[in-house]
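For reference, run-v5.csv (CSV, C-alpha atoms and all ligand atoms):
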chain,number,residue,atom,x,y,z
Y,1,MET,CA,-101.8,-34.1,-16.0
Y,2,ASP,CA,-103.0,-35.1,-19.5
Y,3,PHE,CA,-102.4,-38.9,-19.5
Y,4,ALA,CA,-103.9,-39.3,-23.0
Y,5,ALA,CA,-101.0,-37.0,-24.2
Y,6,THR,CA,-98.4,-39.1,-22.4
Y,7,LYS,CA,-99.8,-42.3,-23.8
Y,8,ALA,CA,-99.3,-40.9,-27.3
Y,9,LEU,CA,-95.6,-40.5,-26.6
Y,10,PHE,CA,-95.1,-44.3,-26.4
Y,11,ASP,CA,-94.8,-46.7,-29.3
Y,12,LEU,CA,-96.9,-49.6,-28.3
Y,13,PRO,CA,-97.8,-52.4,-30.8
Y,14,ASP,CA,-101.4,-52.5,-32.0
Y,15,GLY,CA,-103.6,-54.9,-30.1
Y,16,VAL,CA,-101.3,-55.1,-27.1
Y,17,ILE,CA,-102.2,-54.1,-23.5
Y,18,TYR,CA,-98.8,-53.7,-21.8
Y,19,LEU,CA,-98.9,-54.5,-18.1
Y,20,ASP,CA,-95.2,-55.3,-17.8
Y,21,GLY,CA,-93.6,-51.9,-17.6
Y,22,ASN,CA,-92.5,-52.9,-14.1
Y,23,SER,CA,-90.0,-55.3,-15.8
Y,24,LEU,CA,-89.2,-53.4,-19.1
Y,25,GLY,CA,-90.8,-50.1,-19.9
Y,26,PRO,CA,-92.1,-49.6,-23.5
Y,27,LEU,CA,-90.3,-47.6,-26.2
Y,28,PRO,CA,-90.7,-43.8,-26.1
Y,29,ARG,CA,-91.5,-42.6,-29.7
Y,30,ALA,CA,-88.7,-40.0,-29.4
Y,31,ALA,CA,-86.0,-42.6,-28.5
Y,32,ALA,CA,-85.2,-43.7,-32.0
Y,33,ALA,CA,-84.6,-40.2,-33.3
Y,34,ARG,CA,-82.6,-39.3,-30.1
Y,35,LEU,CA,-80.4,-42.4,-30.6
Y,36,GLN,CA,-80.0,-41.7,-34.3
Y,37,ARG,CA,-78.7,-38.2,-33.4
Y,38,THR,CA,-76.2,-39.7,-31.0
Y,39,LEU,CA,-75.1,-42.2,-33.6
Y,40,ALA,CA,-74.9,-39.9,-36.6
Y,41,GLU,CA,-74.1,-36.4,-35.2
Y,42,GLU,CA,-72.2,-37.3,-32.1
Y,43,TRP,CA,-70.4,-40.7,-32.5
Y,44,GLY,CA,-70.3,-40.5,-36.3
Y,45,GLU,CA,-69.3,-36.8,-36.8
Y,46,MET,CA,-67.6,-35.8,-33.6
Y,47,LEU,CA,-65.8,-39.1,-32.8
Y,48,ILE,CA,-63.7,-38.9,-29.6
Y,49,THR,CA,-64.4,-35.1,-29.2
Y,50,ALA,CA,-68.0,-35.9,-28.4
Y,51,TRP,CA,-67.0,-36.7,-24.8
Y,52,ASN,CA,-66.6,-32.9,-24.5
Y,53,ARG,CA,-68.6,-31.4,-27.3
Y,54,ALA,CA,-71.7,-33.6,-26.9
Y,55,GLY,CA,-71.3,-33.6,-23.1
Y,56,TRP,CA,-71.1,-37.4,-22.8
Y,57,MET,CA,-68.8,-37.2,-19.8
Y,58,ALA,CA,-71.2,-35.1,-17.8
Y,59,GLN,CA,-74.3,-37.1,-18.8
Y,60,PRO,CA,-74.3,-39.5,-15.8
Y,61,ARG,CA,-74.7,-36.4,-13.5
Y,62,ARG,CA,-77.1,-34.5,-15.7
Y,63,LEU,CA,-79.5,-37.4,-16.1
Y,64,GLY,CA,-79.0,-38.2,-12.4
Y,65,ALA,CA,-80.2,-34.8,-11.4
Y,66,ARG,CA,-83.4,-35.3,-13.5
Y,67,ILE,CA,-84.0,-38.7,-11.8
Y,68,ALA,CA,-83.4,-37.0,-8.4
Y,69,ARG,CA,-86.6,-35.0,-8.8
Y,70,LEU,CA,-88.6,-38.2,-9.2
Y,71,ILE,CA,-87.3,-39.7,-6.0
Y,72,GLY,CA,-87.2,-36.6,-3.8
Y,73,ALA,CA,-83.4,-36.4,-3.7
Y,74,GLU,CA,-81.1,-33.4,-3.9
Y,75,PRO,CA,-80.1,-32.8,-7.5
Y,76,GLU,CA,-76.4,-33.3,-6.9
Y,77,SER,CA,-76.9,-36.5,-4.9
Y,78,VAL,CA,-77.6,-39.0,-7.8
Y,79,VAL,CA,-75.4,-40.4,-10.5
Y,80,LEU,CA,-75.9,-43.0,-13.2
Y,81,GLY,CA,-73.9,-46.0,-14.2
Y,82,ASP,CA,-73.5,-49.7,-14.3
Y,83,THR,CA,-76.3,-52.0,-13.2
Y,84,LEU,CA,-78.4,-52.0,-10.1
Y,85,SER,CA,-76.6,-55.1,-8.7
Y,86,ILE,CA,-73.4,-53.1,-8.9
Y,87,LYS,CA,-74.9,-50.0,-7.3
Y,88,ILE,CA,-76.2,-52.2,-4.5
Y,89,HIS,CA,-72.7,-53.5,-4.0
Y,90,GLN,CA,-71.3,-50.0,-3.9
Y,91,ALA,CA,-73.9,-48.7,-1.4
Y,92,LEU,CA,-73.5,-51.7,0.8
Y,93,ALA,CA,-69.7,-51.6,0.9
Y,94,ALA,CA,-69.8,-47.9,1.6
Y,95,ALA,CA,-72.4,-48.3,4.4
Y,96,LEU,CA,-70.5,-51.2,6.1
Y,97,ASP,CA,-67.4,-49.1,6.0
Y,98,LEU,CA,-69.2,-46.2,7.7
Y,99,ARG,CA,-70.3,-48.6,10.6
Y,100,PRO,CA,-67.0,-50.6,11.1
Y,101,ASP,CA,-67.9,-51.9,14.5
Y,102,ARG,CA,-71.2,-53.6,13.5
Y,103,ARG,CA,-71.6,-56.9,11.8
Y,104,LYS,CA,-75.3,-57.3,10.9
Y,105,ILE,CA,-76.9,-56.6,7.5
Y,106,LEU,CA,-80.6,-56.7,7.9
Y,107,SER,CA,-83.0,-57.4,5.0
Y,108,ASP,CA,-86.3,-59.1,4.4
Y,109,THR,CA,-87.2,-62.5,2.9
Y,110,GLY,CA,-89.1,-60.8,0.1
Y,111,ASN,CA,-86.1,-59.0,-1.2
Y,112,PHE,CA,-85.0,-59.4,-4.8
Y,113,PRO,CA,-82.4,-62.2,-5.0
Y,114,THR,CA,-79.6,-60.1,-6.5
Y,115,ASP,CA,-79.6,-57.8,-3.5
Y,116,LEU,CA,-79.1,-60.7,-1.2
Y,117,TYR,CA,-76.5,-62.4,-3.5
Y,118,ILE,CA,-74.5,-59.2,-3.6
Y,119,ALA,CA,-74.5,-59.0,0.2
Y,120,GLN,CA,-73.4,-62.6,0.4
Y,121,GLY,CA,-70.6,-62.0,-2.1
Y,122,LEU,CA,-69.4,-58.9,-0.4
Y,123,ILE,CA,-69.4,-60.6,3.1
Y,124,GLY,CA,-67.1,-63.2,1.6
Y,125,ALA,CA,-64.8,-60.7,0.0
Y,126,LEU,CA,-64.5,-58.6,3.2
Y,127,GLY,CA,-63.9,-61.6,5.4
Y,128,ARG,CA,-64.7,-59.6,8.5
Y,129,GLY,CA,-67.5,-61.7,10.0
Y,130,HIS,CA,-70.5,-59.8,8.7
Y,131,ARG,CA,-73.8,-61.7,8.5
Y,132,LEU,CA,-76.9,-61.2,6.4
Y,133,VAL,CA,-80.1,-61.6,8.4
Y,134,THR,CA,-83.4,-61.8,6.6
Y,135,VAL,CA,-86.7,-61.6,8.4
Y,136,PRO,CA,-90.3,-61.4,7.2
Y,137,PRO,CA,-91.0,-57.9,5.8
Y,138,GLU,CA,-93.4,-56.9,8.7
Y,139,GLN,CA,-90.7,-57.8,11.3
Y,140,VAL,CA,-87.8,-55.7,10.0
Y,141,ALA,CA,-88.2,-52.8,12.5
Y,142,ALA,CA,-88.2,-55.3,15.4
Y,143,HIS,CA,-84.9,-56.8,14.3
Y,144,ILE,CA,-82.9,-53.6,14.1
Y,145,ASP,CA,-80.4,-53.7,17.0
Y,146,GLU,CA,-77.1,-52.3,18.3
Y,147,ASP,CA,-75.2,-54.7,16.0
Y,148,THR,CA,-77.1,-53.7,12.9
Y,149,ALA,CA,-74.8,-51.8,10.5
Y,150,VAL,CA,-77.2,-51.5,7.6
Y,151,VAL,CA,-80.9,-52.1,6.9
Y,152,MET,CA,-81.0,-53.0,3.2
Y,153,LEU,CA,-84.5,-53.2,1.7
Y,154,THR,CA,-86.4,-53.0,-1.6
Y,155,GLU,CA,-89.1,-50.5,-0.9
Y,156,VAL,CA,-91.7,-52.1,-3.1
Y,157,ASP,CA,-91.7,-56.0,-3.2
Y,158,TYR,CA,-91.1,-57.2,-6.7
Y,159,ARG,CA,-93.5,-60.1,-6.3
Y,160,THR,CA,-96.4,-58.7,-4.3
Y,161,GLY,CA,-96.1,-55.0,-4.7
Y,162,ARG,CA,-96.1,-54.6,-0.8
Y,163,ARG,CA,-94.6,-51.4,0.2
Y,164,HIS,CA,-92.3,-50.7,3.2
Y,165,ASP,CA,-92.8,-47.5,5.3
Y,166,MET,CA,-89.5,-45.9,4.3
Y,167,LYS,CA,-89.7,-43.1,6.7
Y,168,ALA,CA,-90.6,-45.2,9.8
Y,169,ILE,CA,-87.9,-47.9,9.1
Y,170,THR,CA,-85.3,-45.3,8.3
Y,171,ALA,CA,-86.1,-43.5,11.6
Y,172,ALA,CA,-85.9,-46.8,13.5
Y,173,ALA,CA,-82.6,-47.6,11.9
Y,174,HIS,CA,-81.1,-44.2,12.8
Y,175,ALA,CA,-82.4,-44.5,16.3
Y,176,ALA,CA,-80.3,-47.7,16.7
Y,177,GLY,CA,-77.3,-46.1,15.0
Y,178,ALA,CA,-77.7,-48.1,11.7
Y,179,LEU,CA,-77.8,-46.9,8.1
Y,180,THR,CA,-80.3,-47.6,5.4
Y,181,ILE,CA,-80.1,-48.7,1.7
Y,182,TRP,CA,-83.3,-48.5,-0.3
Y,183,ASP,CA,-83.6,-50.3,-3.5
Y,184,LEU,CA,-86.0,-48.3,-5.7
Y,185,ALA,CA,-86.3,-50.7,-8.6
Y,186,HIS,CA,-90.1,-50.7,-8.2
Y,187,SER,CA,-90.5,-47.2,-6.8
Y,188,ALA,CA,-88.7,-44.9,-9.2
Y,189,GLY,CA,-91.4,-43.7,-11.7
Y,190,ALA,CA,-94.0,-45.8,-9.9
Y,191,ILE,CA,-94.8,-44.0,-6.7
Y,192,GLU,CA,-94.0,-40.8,-4.9
Y,193,VAL,CA,-90.6,-41.2,-3.2
Y,194,ASP,CA,-89.1,-38.6,-0.9
Y,195,LEU,CA,-85.6,-39.8,0.0
Y,196,ALA,CA,-84.6,-36.5,1.6
Y,197,ALA,CA,-87.7,-36.3,3.8
Y,198,ALA,CA,-87.3,-39.9,4.9
Y,199,GLY,CA,-83.6,-39.2,5.7
Y,200,ALA,CA,-82.5,-42.2,3.6
Y,201,ASP,CA,-78.7,-42.8,3.6
Y,202,PHE,CA,-78.3,-44.6,0.3
Y,203,ALA,CA,-80.6,-45.6,-2.5
Y,204,ALA,CA,-80.3,-47.2,-5.9
Y,205,GLY,CA,-82.6,-48.2,-8.7
Y,206,CYS,CA,-82.8,-49.2,-12.3
Y,207,THR,CA,-84.0,-47.1,-15.2
Y,208,TYR,CA,-85.4,-49.8,-17.6
Y,209,LYS,CA,-88.5,-50.6,-15.5
Y,210,PHE,CA,-91.0,-47.9,-14.8
Y,211,LEU,CA,-88.6,-45.1,-16.1
Y,212,ASN,CA,-88.7,-46.6,-19.6
Y,213,GLY,CA,-85.0,-46.1,-20.3
Y,214,GLY,CA,-84.7,-49.3,-22.4
Y,215,PRO,CA,-83.1,-52.7,-22.0
Y,216,GLY,CA,-79.7,-52.3,-20.5
Y,217,ALA,CA,-80.2,-48.7,-19.4
Y,218,PRO,CA,-77.9,-47.8,-16.6
Y,219,ALA,CA,-78.8,-47.8,-12.9
Y,220,PHE,CA,-78.7,-44.8,-10.5
Y,221,ILE,CA,-77.3,-44.4,-7.1
Y,222,HIS,CA,-78.0,-41.8,-4.4
Y,223,VAL,CA,-75.8,-41.0,-1.5
Y,224,ALA,CA,-77.2,-38.5,1.1
Y,225,PRO,CA,-75.2,-35.3,0.9
Y,226,ARG,CA,-74.3,-35.7,4.6
Y,227,HIS,CA,-72.4,-38.9,3.8
Y,228,ALA,CA,-71.1,-38.0,0.3
Y,229,GLU,CA,-67.7,-36.8,1.4
Y,230,ALA,CA,-67.2,-39.6,3.9
Y,231,VAL,CA,-67.8,-42.5,1.6
Y,232,ARG,CA,-64.8,-44.6,0.6
Y,233,PRO,CA,-65.7,-46.3,-2.7
Y,234,ALA,CA,-65.0,-50.0,-2.9
Y,235,LEU,CA,-65.2,-50.0,-6.7
Y,236,SER,CA,-62.6,-47.2,-7.0
Y,237,GLY,CA,-62.6,-46.8,-10.7
Y,238,TRP,CA,-60.9,-44.1,-12.7
Y,239,LEU,CA,-64.0,-42.1,-13.5
Y,240,GLY,CA,-64.7,-41.8,-9.7
Y,241,HIS,CA,-61.2,-40.3,-9.2
Y,242,ALA,CA,-60.8,-36.7,-8.3
Y,243,GLU,CA,-58.9,-36.1,-11.6
Y,244,PRO,CA,-59.4,-38.9,-14.0
Y,245,PHE,CA,-57.3,-37.3,-16.7
Y,246,ALA,CA,-54.4,-36.7,-14.4
Y,247,PHE,CA,-53.8,-40.4,-14.6
Y,248,GLU,CA,-52.3,-40.6,-11.2
Y,249,PRO,CA,-51.2,-44.0,-10.0
Y,250,ASP,CA,-53.1,-43.7,-6.7
Y,251,TYR,CA,-56.8,-43.4,-6.2
Y,252,ARG,CA,-58.2,-40.2,-4.7
Y,253,PRO,CA,-62.0,-40.0,-4.5
Y,254,GLY,CA,-63.9,-37.5,-6.6
Y,255,ALA,CA,-66.1,-34.8,-5.0
Y,256,GLY,CA,-69.3,-36.1,-3.5
Y,257,ILE,CA,-71.4,-38.4,-5.7
Y,258,GLU,CA,-68.8,-38.3,-8.5
Y,259,ARG,CA,-66.9,-41.0,-6.6
Y,260,MET,CA,-69.7,-43.5,-7.1
Y,261,ARG,CA,-68.9,-43.5,-10.8
Y,262,VAL,CA,-66.7,-46.4,-11.9
Y,263,GLY,CA,-65.8,-46.6,-15.6
Y,264,THR,CA,-66.9,-45.4,-19.0
Y,265,PRO,CA,-70.6,-44.6,-19.2
Y,266,PRO,CA,-73.0,-46.3,-21.7
Y,267,VAL,CA,-73.5,-43.4,-24.0
Y,268,LEU,CA,-76.1,-45.0,-26.4
Y,269,GLN,CA,-78.1,-46.3,-23.5
Y,270,MET,CA,-78.1,-42.8,-21.9
Y,271,ALA,CA,-79.4,-41.3,-25.1
Y,272,ALA,CA,-82.4,-43.6,-25.1
Y,273,LEU,CA,-82.9,-42.9,-21.4
Y,274,GLU,CA,-82.8,-39.1,-22.1
Y,275,ALA,CA,-85.8,-39.5,-24.4
Y,276,ALA,CA,-87.7,-41.2,-21.6
Y,277,LEU,CA,-86.7,-38.5,-19.1
Y,278,ASP,CA,-88.0,-35.8,-21.5
Y,279,ILE,CA,-91.4,-37.4,-20.8
Y,280,TRP,CA,-90.7,-37.7,-17.0
Y,281,ASP,CA,-89.7,-34.0,-16.7
Y,282,GLY,CA,-93.4,-33.1,-17.3
Y,283,VAL,CA,-94.8,-35.6,-14.9
Y,284,ASP,CA,-96.4,-34.6,-11.6
Y,285,MET,CA,-95.7,-37.6,-9.4
Y,286,ALA,CA,-98.7,-36.9,-7.1
Y,287,ALA,CA,-101.1,-37.0,-10.1
Y,288,LEU,CA,-99.4,-40.1,-11.4
Y,289,ARG,CA,-99.8,-41.8,-8.0
Y,290,ALA,CA,-103.4,-40.9,-7.8
Y,291,ARG,CA,-104.1,-42.3,-11.2
Y,292,SER,CA,-102.1,-45.5,-10.5
Y,293,VAL,CA,-104.2,-46.1,-7.4
Y,294,ALA,CA,-107.5,-45.5,-9.3
Y,295,LEU,CA,-106.4,-47.8,-12.2
Y,296,SER,CA,-105.2,-50.5,-9.7
Y,297,GLU,CA,-108.5,-50.4,-7.7
Y,298,ARG,CA,-110.4,-50.8,-11.0
Y,299,PHE,CA,-108.2,-53.7,-12.0
Y,300,ILE,CA,-108.5,-55.5,-8.7
Y,301,ALA,CA,-112.3,-55.1,-8.5
Y,302,GLY,CA,-112.7,-56.3,-12.1
Y,303,VAL,CA,-110.4,-59.3,-11.8
Y,304,GLU,CA,-112.0,-60.4,-8.6
Y,305,ALA,CA,-115.4,-60.2,-10.3
Y,306,VAL,CA,-114.5,-62.3,-13.4
Y,307,ALA,CA,-111.8,-64.6,-11.9
Y,308,PRO,CA,-112.6,-65.8,-8.4
Y,309,ALA,CA,-109.9,-68.5,-8.7
Y,310,LEU,CA,-107.3,-65.8,-8.6
Y,311,THR,CA,-106.4,-64.6,-5.1
Y,312,LEU,CA,-105.0,-61.1,-4.5
Y,313,ALA,CA,-101.3,-61.3,-3.5
Y,314,SER,CA,-100.9,-57.6,-3.2
Y,315,PRO,CA,-102.0,-55.6,-0.2
Y,316,ARG,CA,-105.7,-54.6,-0.5
Y,317,GLU,CA,-105.0,-51.2,1.0
Y,318,PRO,CA,-103.7,-48.9,-1.8
Y,319,GLU,CA,-101.3,-47.1,0.6
Y,320,ALA,CA,-99.5,-50.4,1.3
Y,321,ARG,CA,-98.9,-51.1,-2.4
Y,322,GLY,CA,-96.6,-49.9,-5.1
Y,323,SER,CA,-97.8,-49.6,-8.7
Y,324,GLN,CA,-98.3,-53.3,-9.5
Y,325,VAL,CA,-101.0,-55.8,-8.7
Y,326,SER,CA,-100.3,-59.5,-8.2
Y,327,PHE,CA,-102.6,-62.5,-8.0
Y,328,ARG,CA,-101.8,-66.0,-6.9
Y,329,PHE,CA,-102.9,-68.9,-9.1
Y,330,ALA,CA,-101.3,-72.4,-9.0
Y,331,GLU,CA,-101.3,-72.5,-12.8
Y,332,GLY,CA,-100.2,-68.9,-13.0
Y,333,TYR,CA,-97.3,-69.5,-15.5
Y,334,ALA,CA,-99.6,-71.2,-18.1
Y,335,ALA,CA,-102.4,-68.8,-17.5
Y,336,MET,CA,-100.1,-65.9,-18.1
Y,337,GLN,CA,-98.9,-67.4,-21.3
Y,338,ALA,CA,-102.5,-67.8,-22.4
Y,339,LEU,CA,-103.2,-64.1,-21.5
Y,340,ILE,CA,-100.1,-63.0,-23.5
Y,341,ALA,CA,-101.4,-64.9,-26.5
Y,342,ARG,CA,-104.5,-62.8,-26.1
Y,343,GLY,CA,-102.4,-59.6,-26.3
Y,344,VAL,CA,-102.4,-58.8,-22.6
Y,345,ILE,CA,-98.8,-58.8,-21.4
Y,346,GLY,CA,-98.0,-59.3,-17.7
Y,347,ASP,CA,-95.4,-61.7,-16.2
Y,348,PHE,CA,-95.0,-64.6,-13.8
Y,349,ARG,CA,-92.9,-64.9,-10.8
Y,350,ALA,CA,-92.3,-68.3,-9.2
Y,351,PRO,CA,-94.0,-70.1,-7.6
Y,352,ASP,CA,-97.5,-68.8,-8.4
Y,353,ILE,CA,-97.6,-65.1,-8.9
Y,354,MET,CA,-99.2,-63.4,-11.9
Y,355,ARG,CA,-97.9,-59.9,-11.9
Y,356,PHE,CA,-99.4,-56.8,-13.6
Y,357,GLY,CA,-97.6,-53.4,-13.7
Y,358,ILE,CA,-99.9,-50.4,-13.7
Y,359,ALA,CA,-98.1,-47.6,-15.5
Y,360,PRO,CA,-100.5,-44.6,-15.9
Y,361,LEU,CA,-98.2,-42.9,-18.5
Y,362,TYR,CA,-99.6,-45.3,-21.1
Y,363,ILE,CA,-102.3,-47.5,-19.5
Y,364,ASP,CA,-105.8,-46.1,-19.3
Y,365,GLU,CA,-109.2,-47.3,-18.1
Y,366,SER,CA,-110.1,-49.0,-21.4
Y,367,ASP,CA,-106.8,-51.0,-21.3
Y,368,ILE,CA,-107.7,-52.1,-17.8
Y,369,ASP,CA,-111.2,-53.2,-18.8
Y,370,THR,CA,-109.8,-55.1,-21.9
Y,371,ALA,CA,-107.3,-56.8,-19.6
Y,372,ILE,CA,-110.0,-57.8,-17.2
Y,373,ALA,CA,-112.1,-59.3,-20.0
Y,374,ALA,CA,-109.1,-61.3,-21.3
Y,375,ILE,CA,-108.4,-62.7,-17.8
Y,376,GLY,CA,-112.0,-63.7,-17.5
Y,377,ALA,CA,-111.9,-65.4,-20.9
Y,378,VAL,CA,-108.6,-67.3,-20.0
Y,379,MET,CA,-110.2,-68.5,-16.8
Y,380,ASP,CA,-113.6,-69.4,-18.2
Y,381,GLY,CA,-112.0,-71.3,-21.0
Y,382,ARG,CA,-109.4,-73.1,-18.7
Y,383,GLU,CA,-106.9,-72.0,-21.3
Y,384,TRP,CA,-104.0,-72.7,-18.9
Y,385,GLU,CA,-104.6,-76.4,-19.7
Y,386,ARG,CA,-103.5,-76.1,-23.3
Y,387,PRO,CA,-100.1,-77.8,-23.8
Y,388,GLU,CA,-98.6,-74.8,-25.8
Y,389,PHE,CA,-98.9,-72.6,-22.7
Y,390,ARG,CA,-97.2,-75.0,-20.3
Y,391,THR,CA,-93.6,-75.0,-21.6
Y,392,ARG,CA,-91.4,-72.7,-19.5
Y,393,ALA,CA,-89.2,-70.2,-21.4
Y,394,ALA,CA,-85.8,-69.0,-19.9
Y,395,VAL,CA,-87.2,-65.6,-19.0
Y,396,THR,CA,-90.6,-65.7,-17.2
Y,401,LIG,C1,-85.0,-55.6,-11.3
Y,401,LIG,C2,-84.4,-55.6,-10.0
Y,401,LIG,C3,-83.0,-55.7,-9.9
Y,401,LIG,C4,-82.1,-55.9,-11.1
Y,401,LIG,O1,-80.8,-55.6,-11.0
Y,401,LIG,P1,-79.9,-55.5,-12.3
Y,401,LIG,O2,-78.5,-55.4,-11.8
Y,401,LIG,O3,-80.4,-54.3,-13.0
Y,401,LIG,O4,-80.1,-56.7,-13.2
Y,401,LIG,C5,-82.4,-55.5,-8.6
Y,401,LIG,N1,-83.1,-55.4,-7.5
Y,401,LIG,C6,-84.5,-55.3,-7.6
Y,401,LIG,C7,-85.3,-55.1,-6.4
Y,401,LIG,C8,-85.1,-55.5,-8.8
Y,401,LIG,O5,-86.5,-55.5,-8.9
Take the structure from the file and write it as structure tokens.
Ligand SMILES: *Cc1c(COP(=O)(O)O)cnc(C)c1O
Amino acid sequence: MDFAATKALFDLPDGVIYLDGNSLGPLPRAAAARLQRTLAEEWGEMLITAWNRAGWMAQPRRLGARIARLIGAEPESVVLGDTLSIKIHQALAAALDLRPDRRKILSDTGNFPTDLYIAQGLIGALGRGHRLVTVPPEQVAAHIDEDTAVVMLTEVDYRTGRRHDMKAITAAAHAAGALTIWDLAHSAGAIEVDLAAAGADFAAGCTYKFLNGGPGAPAFIHVAPRHAEAVRPALSGWLGHAEPFAFEPDYRPGAGIERMRVGTPPVLQMAALEAALDIWDGVDMAALRARSVALSERFIAGVEAVAPALTLASPREPEARGSQVSFRFAEGYAAMQALIARGVIGDFRAPDIMRFGIAPLYIDESDIDTAIAAIGAVMDGREWERPEFRTRAAVT
């Protein structure tokens, strides 16, 4: 893999080291032209006929198949649409419906809040006495029991980068008769994922983080082919109908993963995502992972050498991490603002986590070394004490 070549495919501002691709990936250089084509040649010229002539209607499946390769899923098992929160809702509703006699949804205390909120909302809407149980991440397997309908986890913890053992937990869930839902928000495009080998039942993820699809890019959902024809969609929208253009009054589910579509797909967002996937099509995930580990190890060693006040919040063992490195520092918010002012962009997650995404497609050794030096300068100069860095913005 030629990572200097992939770096050249991104449009990064001069003087910026971008370590926040785990929140919003940078702009692929080809995206503007790709979007312009969709605007001018497709929307502008073809108007409504573009749904057929430009293949807009099939795009959620076509792009889904390209994402499937990156997450070890069967090509026909992934479809795009909506947001990750909505895809989690769909997966959870479907999984609970497949295990009607069980009441427990098991997750962990590190899970991203929207996943937990969606579960809480769905429990209320169903009104069937389900309960959400969250336990510390390392105790998940021990809490899978005969009442567990679903184990719903984010594979890579958004705060610390700690990674679950997908294969082992899925096996434990299946041994107890439970299903699994894997949130791949910090996995897709970050680490090697093999959903089929792990036997995962459902998975979902977003495309605007490591996949670089742009702000508002649609989410994806995966349903294992063995469940695809059994799933009864809770969000039974017209584009998940067997024959949307028959306009029948009653819902009939579409074939397989098609039924997880809901409504009209975001065509412009998918055009931008397509430009990103053109890059991903050439990426060997094993090579990407090896480079992510090497860059992360270099970053950890360097930061620990220049900034002893920061304590590593991510697992020290590379195998136990995703593709981000987090440090704890009580003044982390202000320190991150000071770092951003120096052109090194990471982010902050309450209460005290400074988070750095390591994306080998556009981050190299010299970027890592520059970032380390900037962190050292912020710490040596106690720059977090400056008033201008201490005011919290709405988005951290
Ligand atoms: C980023 C993220 C989300 C975001 O969900 P949206 O509906 O796209 O806003 C959900 N879950 C996890 C684990 C995330 O990291």
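Considering only C-alpha atoms, the residue among Y:Asp364, Y:Asp82, Y:Glu155, Y:Glu248 positioned nearest to Leu235 (chain Y) is Y:Asp82.
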key: Nearby residues, ligand LIG 401 (chain Y), 7 Å, all atoms listed in the file, as a PyMOL selection string   = chain Y and resi 23+83-86+111-112+114-115+154+158+183-186+206+219
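The closest residue to Gly376 (chain Y), picked from Y:Arg102, Y:Arg69, Y:Arg316, Y:Arg342 and counting only C-alpha atoms, is Y:Arg342.
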note = Using all atoms listed in the file, the best pick from Y:Asp367, Y:Asp2, Y:Glu319, Y:Glu385 as closest to Glu192 (chain Y) would be Y:Glu319
key: Among listed residues Y:Val283, Y:Ala141, Y:Ala149, Y:Leu98, nearest Ala172 (chain Y) (using all atoms listed in the file)   = Y:Ala141
query = Using all atoms listed in the file, which of Y:Thr6, Y:Thr160, Y:Gln120, Y:Thr134 sits nearest Ala320 (chain Y)?
reply = Y:Thr160
